[in-house]
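The structure appears right after this line, and notes come after that.
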Amino acid sequence: MNTVQPIRSKMQVIEMINYLKEKNDRDYILFVFGIYSGLRISDILPLKVSDVRNKSRLHIHEKKTGKEKIISLNEELRNALAEYTKEMKDWEFLFPSRQRKSKLRKDKETKPMTRQRAIQILKQVASEFNIEDIGTHSLRKTFGYHLYNQTKDVATIQAIFGHSSALITLRYIGVDQDKKDKLVKGLSFT
């Protein structure tokens with residue numbers, strides 16, 4: 001399994017947001033939800049409209065850890081969610097599968113998007129911007145990377161991610177690799 005990276009360039013993040021906004025509302029919201037919440041894709045995909053409608057905080061039960069978590073939703077994400085969900089019903093999945101309903105369950109209920117589809121979407125967008133080493137975890141890492149670069153508050157980011165040390169957090173979000181790259185590039189014997 002290849003290690004995925006955060007999207008380090010703020011300009012590329014903005015360009016990807018704009019690209020997705022033009023292309024597909026659901027995929028745009030998936031991307032911005034990931035980079036603004038720092039949640040794992042396994043916690044994002046099963047969300048329903050009622051989980052986020054008119055809320056400034058999201059209460060979830062993390063699938064991986066089993067822990068209860070409260071996530072603040074910033075204003076940009078709340079505004080995007082309000083626009084996206086205005087015609088949706090509370091019981092609908094925030095990120096529904098696009099499969100025909102007749103191929104799903106007998107009750108014609110929709111299913112959430114699959115993790116595999118989320119990966120396909122991200123890889124398609126990444127290829128448009130010549131970005132490699134991307135996966136669903138790239139959204140979470142992008143959140144942490146840019147939050148760290150804006151605040152330098154590794155302790156809070158460590159707490160958000162539930163990591164056991166600041167070093168793990170810095171390695172996870174790619175800051176450790178940035179420092180190594182900078183040191184090696186600066187090495188000179190002349």
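Each chain in the structure tokens gets a letter, A, B, ..., in the order shown, and its residues are numbered from 1; ligands are numbered from 1 in order too.
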
DSSP alpha helix (DSSP H) residues within segment 29-188 of chain A, as a PyMOL selection string: chain A and resi 29-37+41-44+49-52+75-85+115-128+137-151+154-161+166-172+175-186

Contacts of Lys21 of chain A at 12 Å (only C-alpha atoms; same-chain gap of 5+ positions) as an MDAnalysis selection string: chainID A and resid 14:16 26:32 80 83:84 125

Could those selected residues go to a file with C-alpha atoms, as an mmCIF file, in the first residue's frame?
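result29.cif, written as the output of this step:
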data_model
loop_
_atom_site.group_PDB
_atom_site.id
_atom_site.type_symbol
_atom_site.label_atom_id
_atom_site.label_comp_id
_atom_site.auth_asym_id
_atom_site.auth_seq_id
_atom_site.Cartn_x
_atom_site.Cartn_y
_atom_site.Cartn_z
ATOM 1 C CA ILE A 14 -8.134 26.254 -4.146
ATOM 2 C CA GLU A 15 -7.926 25.242 -7.813
ATOM 3 C CA MET A 16 -9.229 21.756 -6.988
ATOM 4 C CA ARG A 26 -21.560 16.105 -4.413
ATOM 5 C CA ASP A 27 -17.876 15.598 -5.195
ATOM 6 C CA TYR A 28 -17.117 19.235 -4.348
ATOM 7 C CA ILE A 29 -18.796 18.879 -0.947
ATOM 8 C CA LEU A 30 -16.966 15.605 -0.313
ATOM 9 C CA PHE A 31 -13.629 17.310 -0.991
ATOM 10 C CA VAL A 32 -14.303 20.403 1.120
ATOM 11 C CA ALA A 80 -21.325 25.132 1.363
ATOM 12 C CA GLU A 83 -26.392 25.449 -0.231
ATOM 13 C CA TYR A 84 -25.817 21.789 -1.122
ATOM 14 C CA VAL A 125 -9.185 15.228 -9.812
#

Selection: 12 Å around Asn79 of chain A, only C-alpha atoms, excl. self and same-chain fewer than 3 positions, as a ChimeraX atom specification: /A:29,32-33,52-56,73-76,82-86

Residue list (strand (DSSP E or B), DSSP) for chain A, as a ChimeraX atom specification: /A:48,57-61,68-72,93,96,112

Arg117 of chain A surroundings by only C-alpha atoms, 12 Å radius, close-in-sequence under 6 positions cut, as a VMD selection string: chain A and resid 27 30 41 45 95 to 99 123 to 124 135 to 136

Please produce a file of those selected residues containing N, CA, C and O atoms, as a compact mmCIF listing (two decimals), in the first residue's frame.
# COMPACT_ATOMS: atom_id res chain seq x y z
N ASP A 27 -19.31 15.82 -5.29
CA ASP A 27 -17.88 15.60 -5.20
C ASP A 27 -17.16 16.81 -4.60
O ASP A 27 -16.20 16.67 -3.85
N LEU A 30 -17.80 16.66 -0.89
CA LEU A 30 -16.97 15.61 -0.31
C LEU A 30 -15.55 16.12 -0.08
O LEU A 30 -14.96 15.93 0.98
N ILE A 41 -12.47 9.13 5.89
CA ILE A 41 -13.52 8.93 4.89
C ILE A 41 -14.60 7.97 5.42
O ILE A 41 -15.78 8.13 5.12
N LEU A 45 -18.53 9.35 4.81
CA LEU A 45 -19.47 8.79 3.82
C LEU A 45 -20.85 8.42 4.38
O LEU A 45 -21.85 8.62 3.69
N PHE A 95 -23.69 12.02 0.92
CA PHE A 95 -22.92 11.60 -0.26
C PHE A 95 -23.52 10.32 -0.82
O PHE A 95 -22.97 9.23 -0.65
N PRO A 96 -24.66 10.45 -1.49
CA PRO A 96 -25.36 9.25 -1.97
C PRO A 96 -24.63 8.59 -3.14
O PRO A 96 -23.95 9.25 -3.93
N SER A 97 -24.82 7.29 -3.22
CA SER A 97 -24.33 6.55 -4.38
C SER A 97 -25.16 6.98 -5.58
O SER A 97 -26.33 7.31 -5.46
N ARG A 98 -24.55 6.94 -6.74
CA ARG A 98 -25.27 7.32 -7.97
C ARG A 98 -25.85 6.09 -8.67
O ARG A 98 -26.37 6.20 -9.76
N GLN A 99 -25.72 4.92 -8.05
CA GLN A 99 -26.29 3.71 -8.65
C GLN A 99 -27.80 3.86 -8.74
O GLN A 99 -28.42 4.51 -7.90
N LYS A 123 -8.63 10.55 -7.26
CA LYS A 123 -7.57 10.25 -8.23
C LYS A 123 -7.82 10.94 -9.57
O LYS A 123 -6.89 11.43 -10.20
N GLN A 124 -9.09 11.02 -9.99
CA GLN A 124 -9.42 11.72 -11.23
C GLN A 124 -9.09 13.21 -11.12
O GLN A 124 -8.49 13.78 -12.03
N GLY A 135 -4.99 9.84 -2.00
CA GLY A 135 -6.02 8.88 -1.64
C GLY A 135 -6.99 9.58 -0.71
O GLY A 135 -6.88 10.79 -0.48
N THR A 136 -7.92 8.84 -0.17
CA THR A 136 -8.91 9.47 0.70
C THR A 136 -8.27 10.07 1.96
O THR A 136 -8.74 11.07 2.48
